[in-house]
Amino acid sequence: MSAGLVIAIDGPSSSGKSTVSRAIAQDLGCAYLDTGAMYRAITWFALENNVELTDPEQIAACAAVIELRESTSADEPGIWVGDADVSAEIRGPEVTAAVSKVAAVPQVRAMLVERQRAIAAKSDNGIVVEGRDIGNVVLPEADLKIFLTADQEARALRRALELGQDPTEIEQSLATRDKADSTRVASPLVMADDAIEVDTTHLELHEVITHILDLVRTRS
Ligand code: DC
């Protein structure tokens, strides 16, 4: 484990994990890791290589040869595949639509969990790690575990405002991803027993951040 505080932030899509996690890491001056970006980067690479996404063996073989590199700076997060900076491409609709299939492959998860643990272990000033299985699987010994939630409608509305798209369509795609993430066999999205749930439906961003920083102070 890192010598600094290790904070796990899990929760469903569009619950505000990335914005909140980055802000917490910036305030604490520690590292930040977006594990969803790692699943997205493998998905990007699989799409680039015309991998058949219905075939878990093909996905696993593709993941085994990927050269991933991530920045754990909260000020400048980013992810590279080989020399290609894919930080923007991985947010596109093709990757978003396909990533649940890749994240369901046990070999992919095993490989990324190992990588995520190694990154956390060498983050001497502590780290905020966001994802779906951080508190339960990746870092069960984390000093603080937060489970960030919000009503599906509120999450869809926030994402629609961000992307300038129709909230109803977004809510449908969120519902599909929520279902895929929470019903898959390998590490489904489940709140850890010792996690603290923070429902952000009726909270402003700054209120969520202040609340979590208050919780951090109880652990340091
Ligand atoms: O947080 P996100 O939307 O960028 O995550 C992309 C996908 O990866 C989503 O389908 C959930 C999955 N994921 C996962 O299974 N485990 C993680 N630790 C992080 C993300």
# chains A, B, ... in the order shown; residues from 1 in each chain; ligands from 1

call {"tool": "closest_atom_pairs", "arguments": {"of": "stretch 17-56 of chain A", "to": "stretch 191-211 of chain A", "cutoff": "9 Å", "atoms": "only C-alpha atoms", "output": "tab-separated table"}}
result
residue	atom	partner	partner_atom	distance
A:Thr19	CA	A:Leu205	CA	8.5
A:Val20	CA	A:Ile209	CA	6.1
A:Ser21	CA	A:Ile209	CA	8.5
A:Ala23	CA	A:Ile209	CA	7.1
A:Ile24	CA	A:Ile209	CA	6.6

call {"tool": "write_last_selection", "arguments": {"atoms": "all heavy atoms", "output": "PDB file, in the first residue's frame"}}
result
ATOM      1  N   THR A  19     -14.983  14.040 -11.783  1.00  0.00           N
ATOM      2  CA  THR A  19     -14.831  15.433 -11.342  1.00  0.00           C
ATOM      3  C   THR A  19     -14.522  15.477  -9.850  1.00  0.00           C
ATOM      4  O   THR A  19     -13.614  16.188  -9.405  1.00  0.00           O
ATOM      5  CB  THR A  19     -16.154  16.194 -11.615  1.00  0.00           C
ATOM      6  OG1 THR A  19     -16.569  15.891 -12.931  1.00  0.00           O
ATOM      7  CG2 THR A  19     -15.980  17.674 -11.460  1.00  0.00           C
ATOM      8  N   VAL A  20     -15.286  14.699  -9.084  1.00  0.00           N
ATOM      9  CA  VAL A  20     -15.105  14.704  -7.627  1.00  0.00           C
ATOM     10  C   VAL A  20     -13.735  14.119  -7.262  1.00  0.00           C
ATOM     11  O   VAL A  20     -13.002  14.703  -6.461  1.00  0.00           O
ATOM     12  CB  VAL A  20     -16.256  13.899  -6.962  1.00  0.00           C
ATOM     13  CG1 VAL A  20     -15.972  13.652  -5.485  1.00  0.00           C
ATOM     14  CG2 VAL A  20     -17.581  14.630  -7.140  1.00  0.00           C
ATOM     15  N   SER A  21     -13.369  13.009  -7.878  1.00  0.00           N
ATOM     16  CA  SER A  21     -12.099  12.343  -7.524  1.00  0.00           C
ATOM     17  C   SER A  21     -10.906  13.248  -7.828  1.00  0.00           C
ATOM     18  O   SER A  21      -9.972  13.345  -7.035  1.00  0.00           O
ATOM     19  CB  SER A  21     -11.940  11.032  -8.308  1.00  0.00           C
ATOM     20  OG  SER A  21     -13.014  10.181  -8.034  1.00  0.00           O
ATOM     21  N   ALA A  23     -10.915  16.519  -8.012  1.00  0.00           N
ATOM     22  CA  ALA A  23     -10.909  17.665  -7.087  1.00  0.00           C
ATOM     23  C   ALA A  23     -10.363  17.251  -5.720  1.00  0.00           C
ATOM     24  O   ALA A  23      -9.599  17.992  -5.095  1.00  0.00           O
ATOM     25  CB  ALA A  23     -12.326  18.223  -6.951  1.00  0.00           C
ATOM     26  N   ILE A  24     -10.712  16.062  -5.271  1.00  0.00           N
ATOM     27  CA  ILE A  24     -10.224  15.583  -3.967  1.00  0.00           C
ATOM     28  C   ILE A  24      -8.701  15.400  -4.037  1.00  0.00           C
ATOM     29  O   ILE A  24      -7.965  15.823  -3.144  1.00  0.00           O
ATOM     30  CB  ILE A  24     -10.881  14.216  -3.587  1.00  0.00           C
ATOM     31  CG1 ILE A  24     -12.408  14.317  -3.569  1.00  0.00           C
ATOM     32  CG2 ILE A  24     -10.331  13.660  -2.274  1.00  0.00           C
ATOM     33  CD1 ILE A  24     -13.009  15.065  -2.439  1.00  0.00           C
TER      34      ILE A  24
END

call {"tool": "residues_around", "arguments": {"residues": "A:Thr176", "least_positions_apart": "4", "cutoff": "12 Å", "atoms": "only C-alpha atoms", "output": "VMD selection string"}}
result
chain A and resid 12 to 13 96 to 101 152 169 to 172 180 to 183

call {"tool": "closest_residue", "arguments": {"among": "A:Ala37, A:Leu161, A:Val129, A:Leu53", "to": "ligand 1", "atoms": "only C-alpha atoms and all ligand atoms"}}
result
A:Ala37

call {"tool": "closest_residue", "arguments": {"among": "A:Glu67, A:Glu48, A:Asp143, A:Asp85", "to": "A:Thr218", "atoms": "only C-alpha atoms"}}
result
A:Asp143

call {"tool": "select_by_dssp", "arguments": {"residues": "stretch 14-149 of chain A", "states": "helix (DSSP H, G or I)", "output": "number ranges by chain"}}
result
A: 17-28, 35-48, 56-64, 89-91, 93-103, 106-121, 134-138

call {"tool": "residues_near_ligand", "arguments": {"ligand": "ligand 1", "cutoff": "9 Å", "atoms": "only C-alpha atoms and all ligand atoms", "output": "short mmCIF file (atom, residue, chain, number, x, y, z; two decimals) with C-alpha atoms, in the first residue's frame"}}
result
data_model
loop_
_atom_site.label_atom_id
_atom_site.label_comp_id
_atom_site.auth_asym_id
_atom_site.auth_seq_id
_atom_site.Cartn_x
_atom_site.Cartn_y
_atom_site.Cartn_z
CA ASP A 10 -16.78 3.78 -6.79
CA GLY A 11 -20.21 4.28 -8.29
CA PRO A 12 -22.32 4.02 -11.44
CA SER A 13 -21.72 5.88 -14.71
CA SER A 14 -22.13 9.65 -14.63
CA LYS A 17 -16.82 10.28 -9.89
CA SER A 18 -14.19 11.80 -12.18
CA ASP A 34 -9.20 6.88 -13.49
CA THR A 35 -9.54 3.11 -13.90
CA GLY A 36 -12.46 3.50 -16.33
CA ALA A 37 -10.03 5.18 -18.73
CA MET A 38 -7.92 1.99 -18.69
CA TYR A 39 -10.91 -0.18 -19.71
CA ARG A 40 -11.75 2.43 -22.33
CA ILE A 90 -11.75 7.01 -25.43
CA ARG A 91 -14.67 9.34 -24.55
CA VAL A 95 -15.82 3.28 -27.17
CA THR A 96 -18.62 4.18 -24.72
CA ALA A 97 -21.00 1.76 -26.44
CA ALA A 98 -18.46 -1.11 -26.47
CA VAL A 99 -16.59 -0.77 -23.17
CA SER A 100 -18.97 -2.88 -21.03
CA LYS A 101 -18.14 -5.93 -23.19
CA VAL A 102 -14.42 -5.45 -22.62
CA ALA A 103 -14.85 -4.75 -18.89
CA ALA A 104 -16.72 -8.05 -18.51
CA ARG A 109 -9.94 -7.33 -15.28
CA LEU A 112 -5.85 -4.18 -14.97
CA VAL A 113 -6.40 -4.91 -11.26
CA VAL A 129 -8.66 5.77 -7.36
CA GLU A 130 -12.03 5.85 -9.09
CA GLY A 131 -13.90 2.99 -10.72
CA ARG A 132 -16.46 0.28 -10.00
CA ASP A 133 -14.55 -2.40 -8.07
CA ILE A 134 -11.92 -0.36 -6.24
CA VAL A 137 -11.48 -5.87 -5.32
CA VAL A 138 -8.61 -3.57 -6.27
CA ARG A 177 -24.53 0.42 -18.95
CA ASP A 178 -25.77 0.32 -15.33
CA ALA A 180 -24.22 -4.44 -17.75
CA ASP A 181 -21.91 -3.16 -14.99
CA SER A 182 -24.00 -4.44 -12.09
CA ALA A 186 -16.69 -10.74 -13.00
CA SER A 187 -16.59 -8.06 -10.25
CA PRO A 188 -20.03 -6.52 -10.69
CA LEU A 189 -20.63 -3.00 -9.37
#

call {"tool": "residues_around", "arguments": {"residues": "A:Ala60", "least_positions_apart": "4", "cutoff": "7 Å", "atoms": "only C-alpha atoms", "output": "CSV table (one decimal) with N, CA and C atoms, in the first residue's frame"}}
result
chain,number,residue,atom,x,y,z
A,56,PRO,N,-14.6,-13.1,-26.1
A,56,PRO,CA,-13.8,-12.8,-25.0
A,56,PRO,C,-12.3,-13.2,-25.2
A,64,ALA,N,-3.6,-8.4,-23.9
A,64,ALA,CA,-2.3,-8.9,-23.4
A,64,ALA,C,-1.1,-8.3,-24.1
A,107,GLN,N,-10.0,-11.9,-17.9
A,107,GLN,CA,-8.5,-11.8,-18.1
A,107,GLN,C,-8.2,-10.3,-18.1
A,108,VAL,N,-9.1,-9.5,-18.7
A,108,VAL,CA,-8.8,-8.1,-18.8
A,108,VAL,C,-8.8,-7.5,-17.4

call {"tool": "residues_around", "arguments": {"residues": "A:Ala46", "least_positions_apart": "6", "cutoff": "9 Å", "atoms": "only C-alpha atoms", "output": "list of chain:residue names"}}
result
A:Glu52, A:Leu53, A:Gln58, A:Ile59, A:Cys62, A:Ala63, A:Val102

call {"tool": "write_last_selection", "arguments": {"atoms": "C-alpha atoms", "output": "mmCIF file, in the first residue's frame"}}
result
data_model
loop_
_atom_site.group_PDB
_atom_site.id
_atom_site.type_symbol
_atom_site.label_atom_id
_atom_site.label_comp_id
_atom_site.auth_asym_id
_atom_site.auth_seq_id
_atom_site.Cartn_x
_atom_site.Cartn_y
_atom_site.Cartn_z
ATOM 1 C CA GLU A 52 -14.597 -9.309 -32.518
ATOM 2 C CA LEU A 53 -16.172 -7.953 -29.316
ATOM 3 C CA GLN A 58 -9.958 -12.257 -28.803
ATOM 4 C CA ILE A 59 -10.442 -9.367 -26.397
ATOM 5 C CA CYS A 62 -5.656 -7.995 -27.605
ATOM 6 C CA ALA A 63 -5.369 -6.760 -23.987
ATOM 7 C CA VAL A 102 -14.423 -5.448 -22.621
#

call {"tool": "residues_around", "arguments": {"residues": "A:Arg159", "least_positions_apart": "4", "cutoff": "10 Å", "atoms": "only C-alpha atoms", "output": "count of residues only"}}
result
15

call {"tool": "atom_distance", "arguments": {"atom1": "atom CA of A:Glu94", "atom2": "atom CA of A:Thr149"}}
result
25.0 Å

call {"tool": "closest_residue", "arguments": {"among": "A:Lys122, A:Lys145, A:Lys179, A:Arg117", "to": "A:Ile212", "atoms": "only C-alpha atoms"}}
result
A:Lys145

call {"tool": "residues_around", "arguments": {"residues": "stretch 71-84 of chain A", "least_positions_apart": "3", "cutoff": "7 Å", "atoms": "only C-alpha atoms", "output": "ChimeraX atom specification"}}
result
/A:22,25-26,31-33,66-68,87

call {"tool": "write_last_selection", "arguments": {"atoms": "N, CA, C and O atoms", "output": "mmCIF file, in the first residue's frame"}}
result
data_model
loop_
_atom_site.group_PDB
_atom_site.id
_atom_site.type_symbol
_atom_site.label_atom_id
_atom_site.label_comp_id
_atom_site.auth_asym_id
_atom_site.auth_seq_id
_atom_site.Cartn_x
_atom_site.Cartn_y
_atom_site.Cartn_z
ATOM 1 N N ARG A 22 -10.963 13.890 -8.980
ATOM 2 C CA ARG A 22 -9.857 14.806 -9.343
ATOM 3 C C ARG A 22 -9.762 15.949 -8.363
ATOM 4 O O ARG A 22 -8.670 16.323 -7.924
ATOM 5 N N ALA A 25 -8.239 14.779 -5.121
ATOM 6 C CA ALA A 25 -6.788 14.544 -5.274
ATOM 7 C C ALA A 25 -6.045 15.877 -5.371
ATOM 8 O O ALA A 25 -4.956 16.028 -4.795
ATOM 9 N N GLN A 26 -6.624 16.845 -6.065
ATOM 10 C CA GLN A 26 -5.967 18.159 -6.175
ATOM 11 C C GLN A 26 -5.879 18.810 -4.801
ATOM 12 O O GLN A 26 -4.845 19.349 -4.424
ATOM 13 N N ALA A 31 -1.942 11.592 -5.879
ATOM 14 C CA ALA A 31 -2.139 11.067 -7.239
ATOM 15 C C ALA A 31 -3.623 10.774 -7.486
ATOM 16 O O ALA A 31 -4.429 10.704 -6.541
ATOM 17 N N TYR A 32 -3.956 10.590 -8.749
ATOM 18 C CA TYR A 32 -5.348 10.328 -9.150
ATOM 19 C C TYR A 32 -5.322 9.276 -10.264
ATOM 20 O O TYR A 32 -4.535 9.388 -11.208
ATOM 21 N N LEU A 33 -6.144 8.259 -10.129
ATOM 22 C CA LEU A 33 -6.198 7.234 -11.177
ATOM 23 C C LEU A 33 -7.635 6.976 -11.599
ATOM 24 O O LEU A 33 -8.481 6.600 -10.772
ATOM 25 N N ILE A 66 -1.284 -4.949 -25.298
ATOM 26 C CA ILE A 66 -1.391 -3.482 -25.308
ATOM 27 C C ILE A 66 -0.281 -2.869 -24.446
ATOM 28 O O ILE A 66 0.118 -3.437 -23.422
ATOM 29 N N GLU A 67 0.243 -1.728 -24.915
ATOM 30 C CA GLU A 67 1.217 -0.978 -24.105
ATOM 31 C C GLU A 67 0.517 0.247 -23.549
ATOM 32 O O GLU A 67 0.328 1.228 -24.259
ATOM 33 N N LEU A 68 0.074 0.151 -22.303
ATOM 34 C CA LEU A 68 -0.671 1.249 -21.677
ATOM 35 C C LEU A 68 0.259 2.123 -20.849
ATOM 36 O O LEU A 68 1.200 1.638 -20.236
ATOM 37 N N SER A 87 -6.552 9.986 -24.822
ATOM 38 C CA SER A 87 -7.390 10.544 -23.748
ATOM 39 C C SER A 87 -8.728 11.082 -24.275
ATOM 40 O O SER A 87 -9.745 10.970 -23.587
#

call {"tool": "atom_distance", "arguments": {"atom1": "atom CA of A:Ala142", "atom2": "atom CA of A:Met111"}}
result
19.7 Å

call {"tool": "select_by_dssp", "arguments": {"residues": "stretch 69-166 of chain A", "states": "strand (DSSP E)", "output": "number ranges by chain"}}
result
A: 69-71, 78-81, 84-85, 127-131, 144-149

call {"tool": "closest_residue", "arguments": {"among": "A:Leu144, A:Glu114, A:Ser220, A:Trp44", "to": "A:Val128", "atoms": "only C-alpha atoms"}}
result
A:Leu144
